[in-house]
Every structure is written in structure tokens, then in C-alpha cells.
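Working notes, beginning with the structure itself.
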Amino acid sequence: MVTMKQIAQETGVSVSTVSLVMNHRDEGRVKPAIASHVRAVAERLGYRVNPMASYLRTNRTHILGFISEEVATTPYAGGMILGAQSAASQYGYMLITVSTDGGMDEDDEIAALKRYGADGFLYAKMSNRITDVPQALADLPVVLVDATDRNDGDSLADGTGSAPVPSVEPDEFRIGYDATRRLIDAGCERIAYVGCSEDMIAQHGRLAGYRAALEDVGHKPDDRLVVNVLNNGPALAAVSDLFDWERPDGFFCFNDARAWYVYECAARRGMTVGRDLSVVGVDNHRVFAETLSPQLTTIELPHFEMGYWAAAKLISLIEGRDLDESEWPRTTAPIPPLDAPAPAKIHCTLIEKESVRRG
């Protein structure tokens with residue numbers, strides 16, 4: 001096993017200097033060029049941090065707890081865990097994931113992570129929700145993933161309350177705006193929104209973005225072109241009525257699953273998606289977006305990016321330092337800086353396929 005002493009001998013610096021660099025405590029103490037050289041030599045020699053020695057020295061286990069509700073059991077959101085694990089590994093941490101689905105008691109799972117000595121916690125939801133941080137995590141480093149702290153910090157002005165917990169989420173407004181602008185750019189004149197009837201941050205944001213995009217090009221939003229549905233027969237009937245009574249030539253759908261209703265209604269009327277009408281969904285769901293024909297143009301939700309940002313933010317809180325964001329991976333959507341105000345919003349990427357006709 002490669003030791004710090006070997007790295008010191010190879011680089012010509014002291015063991016204490018190597019220790020500062022390998023434990024990310026070199027800022028302001030070691031010249032950047034020397035620190036960069038030490039890291040390069042350590043990587044070439046295959047140096048790995050000894051977790052037990054690190055724990056004895058810093059009183060940190062380098063373990064992050066990932067507490068999820070629905071995330072771990074949702075196939076297309078696995079990227080969120082992968083992103084968090086990628087950041088954790090990059091900075092010398094291990095990620096332990098627990099799920100509160102299936103009757104698992106949240107407090108019991110948090111208690112188990114505490115027994116392992118987790119240095120901090122990621123608290124993840126699905127579908128971008130407003131949530132309360134569990135009391136069991138009070139006064140511990142916590143970052144919310146795809147969720148927003150119910151405490152928005154407004155109460156701080158009068159000296160009460162506390163700052164909102166750091167969080168990251170998709171930019172829901174930009175999802176609606178970008179999808180609608182893509183349809184406008186394709187020449188669509190009557191653009192419908194097939195939304196969600198649940199009271200969700202995503203629904204409010206995407207509908208607002210849809211309306212703003214129309215207004216920006218002088219199109220007055222028409223409530224008759226908006227249907228908010230759940231699923232199955234009633235959803236199909238609502239979209240079918242939209243076809244017959246309002247005759248849209250473009251559809252922005254809350255998600256890829258709802259785009260299926262548009263495809264079905266078009267097929268029943270002998271219409272071809274991508275030629276007679278255009279459709280944009282959200283999710284880049286690997287079933288709907290890839291199996292619908294023609295393939296669905298869609299906005300990809302940034303699960304990997306949210307997981308990565310959240311873990312990096314948590315590590316920066318635990319270690320009380322800034323991280324070098326130039327070392328971050330290239331991703332489909334740009335990852336916001338760690339100092340972004342809560343909630344940090346990720347501008348999602350539109351994935352061009354075949355369901356939008358060429359303007």
C-alpha cells in the first residue's frame with residue numbers, strides 16, 4: 001500500500017505537506033503548484049486514503065447517508081443515486097442508501113445511518129416536493145435532493161427561524177418555457193398543455209413557463225388548450241376532447257407518459273406525430289421516449305446532476321471548504337455552482353428526436 005511517506009519522498013516535500021494536500025486542507029497553506037504536483041504523484045502511485053486512519057485523525061467516517069422516498073425504487077431516477085455516488089467517490093466518501101418505501105420507518109433508517117457514523121445526509125424526494133426536514137436530522141449537515149425546504153427563510157427578517165436547508169431541483173419554469181418555445185419555433189399556432197391535476201411544484205412551474213413563452217411571442221394563453229389529468233381512461237378522454245374541440249397543432253406534455261395519450265388520439269384520427277402535429281414531453285423516460293414512434297422529443301430531468309450537486313454541496317458543508325468545481329464531470333445539463341441560492345435550479349436539456357415537425 002502506498003504511504004504518504006512514499007509520496008513525500010517522490011515529490012521532495014514533507015509528510016505534513018502531503019497530509020494537508022491529501023486531506024484537502026492545503027488551501028492557503030500549500031502553494032497551488034506544489035499541491036497539484038502532490039496530487040498527480042499520489043494518483044500515479046495509486047495512493048488511497050485509509051478510512052480508519054482518516055477517522056482517527058479527523059473524527060469523520062467519510063460516510064454520507066442517502067435517505068430516499070420512492071427514488072431508490074424508481075428505475076429512471078437511479079441516476080440521482082449514481083450522481084451522488086460519483087461525487088462521494090471523487091472526494092473520498094462512501095454513500096450508504098436507505099429507502100423509506102414499503103413500510104420502512106424513516107426514523108429507524110436515520111438512526112441506523114447515525115450508528116454507522118454518517119457525517120452528513122442527503123434527503124431525497126421524487127417529483128420535486130416541498131418537504132420538512134425530519135427532526136432526527138436537526139443540527140446535522142443536510143442537503144435536499146429534488147425537494148425544497150418548507151422553511152424558505154422569510155422569517156429570518158424578524159430574527160426568528162433559520163436559514164433554508166440547501167437544496168437542488170430542476171428549473172421547472174424553464175422546462176415549460178423551453179418546451180413551448182420549441183413548439184413555437186416549429187411553427188405551431190395552437191399549442192396545448194397536457195398537465196398534471198396534482199398540486200405540485202413541477203405542475204405550477206411548467207404551466208407558468210408554458211404561458212410565459214406564449215406571451216413572449218404575442219400569443220395570448222387560452223385556458224381551453226390546457227387540460228390537467230391523472231391517467232388511464234379519464235386522461236385519454238380529456239385529451240381526445242381536446243383534439244376534437246380545440247384542434248391543437250402542438251402539445252407540451254407534463255411528462256412522457258402523458259404524451260402517450262396524444263400519440264394514441266392522433267393515431268385514432270389518422271394523424272401522424274411529427275408531421276400533422278408536434279409533441280414535446282418531459283423525463284426522457286427510457287420506455288416512453290424510446291419506444292413511441294416517432295421517437296419523442298423530450299426534456300431530460302437532471303437526476304445525475306441533482307445527485308452530484310447535492311453530494312458535493314454536502315461534502316463542502318461537512319469539510320467547511322469550497323470544492324474545485326473545475327474538477328466536476330461534463331454532464332447533459334450544466335451543474336450550478338455550490339454557492340447558488342436555495343433551491344439551486346438546474347436548467348434541463350431538451351433532447352431532440354422526431355416528434356416535432358421541422359419549421
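Each chain in the C-alpha cells gets a letter, A, B and so on, in the order shown; residues start at 1 in every chain, and ligands are counted from 1 in the order they appear.
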
Using DSSP on the backbone coordinates, identify the residues of region 97-207 of chain A assigned to helix (DSSP H, G or I); present them as a PyMOL selection string. chain A and resi 106-115+135-137+154-158+172-185+201-207

Output file for the selection above: N, CA and C atoms, as a short mmCIF file (atom, residue, chain, number, x, y, z; two decimals), in the first residue's frame:
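Below is the file selection.cif, written as the result:
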data_model
loop_
_atom_site.label_atom_id
_atom_site.label_comp_id
_atom_site.auth_asym_id
_atom_site.auth_seq_id
_atom_site.Cartn_x
_atom_site.Cartn_y
_atom_site.Cartn_z
N GLU A 106 -38.92 5.79 8.70
CA GLU A 106 -37.88 6.76 8.38
C GLU A 106 -36.94 7.00 9.56
N ASP A 107 -37.50 7.17 10.75
CA ASP A 107 -36.65 7.43 11.92
C ASP A 107 -35.72 6.26 12.21
N ASP A 108 -36.20 5.04 11.98
CA ASP A 108 -35.35 3.86 12.20
C ASP A 108 -34.19 3.84 11.22
N GLU A 109 -34.47 4.21 9.96
CA GLU A 109 -33.41 4.20 8.94
C GLU A 109 -32.38 5.30 9.23
N ILE A 110 -32.85 6.46 9.67
CA ILE A 110 -31.93 7.54 10.03
C ILE A 110 -31.08 7.13 11.22
N ALA A 111 -31.70 6.48 12.20
CA ALA A 111 -30.96 6.02 13.38
C ALA A 111 -29.87 5.03 12.98
N ALA A 112 -30.17 4.16 12.02
CA ALA A 112 -29.18 3.19 11.56
C ALA A 112 -27.99 3.89 10.92
N LEU A 113 -28.27 4.91 10.10
CA LEU A 113 -27.18 5.66 9.46
C LEU A 113 -26.34 6.40 10.50
N LYS A 114 -26.99 6.89 11.52
CA LYS A 114 -26.25 7.57 12.59
C LYS A 114 -25.33 6.59 13.31
N ARG A 115 -25.78 5.34 13.49
CA ARG A 115 -24.94 4.34 14.15
C ARG A 115 -23.69 4.04 13.33
N GLN A 135 -37.00 15.79 12.12
CA GLN A 135 -36.42 16.29 13.35
C GLN A 135 -35.16 15.52 13.72
N ALA A 136 -35.11 14.25 13.33
CA ALA A 136 -33.94 13.42 13.64
C ALA A 136 -32.67 13.92 12.95
N LEU A 137 -32.82 14.78 11.94
CA LEU A 137 -31.66 15.32 11.22
C LEU A 137 -31.35 16.76 11.62
N ASP A 154 -37.93 33.24 5.06
CA ASP A 154 -38.58 34.55 5.17
C ASP A 154 -38.64 35.04 6.61
N SER A 155 -38.71 34.11 7.54
CA SER A 155 -38.86 34.51 8.94
C SER A 155 -37.58 35.08 9.53
N LEU A 156 -36.47 35.02 8.80
CA LEU A 156 -35.20 35.49 9.34
C LEU A 156 -35.20 37.01 9.54
N ALA A 157 -36.03 37.71 8.78
CA ALA A 157 -36.02 39.17 8.84
C ALA A 157 -36.33 39.68 10.24
N ASP A 158 -37.17 38.97 10.98
CA ASP A 158 -37.53 39.45 12.31
C ASP A 158 -36.74 38.74 13.41
N GLU A 172 -38.21 24.18 -13.12
CA GLU A 172 -39.50 23.78 -13.69
C GLU A 172 -40.04 24.84 -14.65
N PHE A 173 -39.84 26.11 -14.33
CA PHE A 173 -40.30 27.17 -15.21
C PHE A 173 -39.62 27.08 -16.57
N ARG A 174 -38.30 26.85 -16.56
CA ARG A 174 -37.57 26.77 -17.83
C ARG A 174 -37.97 25.52 -18.62
N ILE A 175 -38.36 24.46 -17.94
CA ILE A 175 -38.85 23.27 -18.64
C ILE A 175 -40.06 23.65 -19.50
N GLY A 176 -41.04 24.31 -18.86
CA GLY A 176 -42.23 24.71 -19.59
C GLY A 176 -41.94 25.73 -20.68
N TYR A 177 -41.05 26.66 -20.36
CA TYR A 177 -40.72 27.71 -21.32
C TYR A 177 -40.00 27.13 -22.54
N ASP A 178 -38.97 26.33 -22.30
CA ASP A 178 -38.17 25.79 -23.40
C ASP A 178 -38.98 24.85 -24.29
N ALA A 179 -39.82 24.02 -23.67
CA ALA A 179 -40.64 23.09 -24.46
C ALA A 179 -41.60 23.86 -25.36
N THR A 180 -42.24 24.88 -24.80
CA THR A 180 -43.20 25.65 -25.58
C THR A 180 -42.52 26.45 -26.68
N ARG A 181 -41.36 27.02 -26.38
CA ARG A 181 -40.63 27.77 -27.41
C ARG A 181 -40.20 26.84 -28.55
N ARG A 182 -39.87 25.61 -28.23
CA ARG A 182 -39.50 24.67 -29.30
C ARG A 182 -40.68 24.44 -30.23
N LEU A 183 -41.88 24.35 -29.66
CA LEU A 183 -43.07 24.17 -30.49
C LEU A 183 -43.38 25.43 -31.29
N ILE A 184 -43.19 26.59 -30.67
CA ILE A 184 -43.39 27.85 -31.38
C ILE A 184 -42.42 27.96 -32.55
N ASP A 185 -41.18 27.62 -32.30
CA ASP A 185 -40.15 27.69 -33.36
C ASP A 185 -40.45 26.72 -34.50
N ILE A 201 -45.07 21.36 -7.32
CA ILE A 201 -44.17 22.42 -7.77
C ILE A 201 -43.95 22.32 -9.27
N ALA A 202 -43.75 21.09 -9.76
CA ALA A 202 -43.48 20.89 -11.18
C ALA A 202 -44.65 21.36 -12.04
N GLN A 203 -45.87 21.06 -11.62
CA GLN A 203 -47.05 21.48 -12.38
C GLN A 203 -47.15 23.00 -12.45
N HIS A 204 -47.00 23.66 -11.32
CA HIS A 204 -47.11 25.12 -11.30
C HIS A 204 -46.01 25.77 -12.14
N GLY A 205 -44.79 25.28 -12.00
CA GLY A 205 -43.67 25.87 -12.72
C GLY A 205 -43.77 25.66 -14.22
N ARG A 206 -44.12 24.45 -14.63
CA ARG A 206 -44.18 24.15 -16.07
C ARG A 206 -45.33 24.88 -16.75
N LEU A 207 -46.47 24.99 -16.05
CA LEU A 207 -47.59 25.73 -16.61
C LEU A 207 -47.25 27.22 -16.74
#

I'd like the interatomic distance between CA of Glu352 (chain A) and CA of Ser293 (chain A), to a tenth of an Å.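 The value is 13.8 Å.
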
Enumerate, as an MDAnalysis selection string, the complete set of residues in region 100-307 of chain A that a backbone-based DSSP assignment places in strand (DSSP E). chainID A and resid 120:131 142:149 167:170 191:196 226:229 250:253 278:283 297:300

Emit the selected residues as a compact mmCIF listing (two decimals), in the first residue's frame, including C-alpha atoms.
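As a result, out09.txt now contains:
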# COMPACT_ATOMS: atom_id res chain seq x y z
CA GLY A 120 -23.99 14.13 6.71
CA PHE A 121 -27.24 13.30 4.95
CA LEU A 122 -28.91 13.64 1.57
CA TYR A 123 -32.71 13.68 1.86
CA ALA A 124 -34.33 12.91 -1.48
CA LYS A 125 -37.88 13.02 -2.79
CA MET A 126 -39.45 12.36 -6.16
CA SER A 127 -41.32 14.86 -8.33
CA ASN A 128 -39.91 17.98 -6.68
CA ARG A 129 -41.85 18.44 -3.46
CA ILE A 130 -41.93 20.90 -0.59
CA THR A 131 -40.87 18.96 2.47
CA VAL A 142 -28.28 18.00 5.30
CA VAL A 143 -28.93 18.71 1.63
CA LEU A 144 -32.32 18.15 -0.04
CA VAL A 145 -32.48 16.48 -3.46
CA ASP A 146 -35.42 17.15 -5.81
CA ALA A 147 -37.17 18.84 -2.91
CA THR A 148 -37.50 22.26 -1.32
CA ASP A 149 -37.38 23.13 2.37
CA SER A 167 -31.47 22.03 -1.90
CA VAL A 168 -31.39 21.32 -5.63
CA GLU A 169 -34.23 20.85 -8.12
CA PRO A 170 -34.99 21.08 -11.85
CA ILE A 191 -50.21 24.82 -28.52
CA ALA A 192 -51.92 22.75 -25.84
CA TYR A 193 -50.62 21.82 -22.42
CA VAL A 194 -51.44 18.35 -21.10
CA GLY A 195 -50.66 18.87 -17.43
CA CYS A 196 -50.96 17.16 -14.08
CA VAL A 226 -55.00 23.36 -21.06
CA VAL A 227 -56.11 20.02 -19.62
CA ASN A 228 -54.77 18.69 -16.33
CA VAL A 229 -55.16 14.94 -15.98
CA GLY A 250 -48.66 21.35 -30.87
CA PHE A 251 -48.64 19.65 -27.47
CA PHE A 252 -46.43 20.25 -24.46
CA CYS A 253 -46.93 17.35 -22.06
CA SER A 278 -45.78 18.21 -32.81
CA VAL A 279 -45.25 16.88 -29.30
CA VAL A 280 -42.70 17.59 -26.54
CA GLY A 281 -42.59 15.60 -23.31
CA VAL A 282 -40.57 15.68 -20.10
CA ASP A 283 -38.42 12.99 -18.46
CA THR A 297 -38.64 14.92 -28.34
CA THR A 298 -38.36 15.45 -24.59
CA ILE A 299 -36.69 17.44 -21.84
CA GLU A 300 -34.43 15.26 -19.72

Using only C-alpha atoms, which of A:Met200, A:Glu10, A:Ala235, A:Ile67 sits nearest Leu45 (chain A)? A:Glu10

Distance criterion (only C-alpha atoms): nearest to Val38 (chain A) out of A:Ile63, A:Ile81, A:Ala8, A:Leu236: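 The answer is A:Ala8, which sits nearest to Val38 (chain A).
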
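Shell of Glu264 (chain A) at 12 Å, with only C-alpha atoms counted and residues fewer than 6 places along the chain excluded, is Asn232, Gly233, Ala235, Leu236, Ala237, Val239, Ser240, Phe243, Ala257, Arg258, Gly270, Met271, Thr272, Val273, Leu292 and Ser293 of chain A.
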
Using only C-alpha atoms: which of A:Pro248, A:Gly187, A:Gly307, A:Gly117 has the shortest distance to Val262 (chain A):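 Closest candidate: A:Pro248.
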
Atom-to-atom span, CA of Ile96 (chain A) and CA of Ala40 (chain A), Å: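 These two atoms are separated by 28.7 Å.
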
Computed gap from CA of Ala312 (chain A) to CA of Ala42 (chain A) is 21.8 Å

Fewer than 4 positions away in the same chain doesn't count, so skip those; otherwise give me all residues within 12 Å of Ala333 (chain A), counting only C-alpha atoms, as a ChimeraX atom specification. /A:170-171,299-306,308-309,329,345-351

Would you save the residues from that selection as a CSV table (one decimal), in the first residue's frame, using C-alpha atoms?
chain,number,residue,atom,x,y,z
A,170,PRO,CA,-35.0,21.1,-11.8
A,171,ASP,CA,-35.8,24.6,-13.1
A,299,ILE,CA,-36.7,17.4,-21.8
A,300,GLU,CA,-34.4,15.3,-19.7
A,301,LEU,CA,-34.7,15.6,-16.0
A,302,PRO,CA,-31.3,16.1,-14.4
A,303,HIS,CA,-31.2,13.2,-11.9
A,304,PHE,CA,-27.5,12.6,-12.1
A,305,GLU,CA,-26.7,16.3,-11.9
A,306,MET,CA,-29.0,16.8,-8.9
A,308,TYR,CA,-23.9,15.0,-7.9
A,309,TRP,CA,-24.5,18.7,-6.8
A,329,PRO,CA,-17.7,15.9,-14.8
A,345,LYS,CA,-32.1,25.2,-10.0
A,346,ILE,CA,-30.8,23.1,-12.9
A,347,HIS,CA,-31.6,24.2,-16.4
A,348,CYS,CA,-32.7,21.0,-18.1
A,349,THR,CA,-31.7,19.9,-21.6
A,350,LEU,CA,-34.1,19.4,-24.5
A,351,ILE,CA,-33.4,16.1,-26.3

Contacts of Gly46 (chain A) within 10 Å, only C-alpha atoms, excl. fewer than 6 positions in-chain, as number ranges by chain: A: 1-3, 40
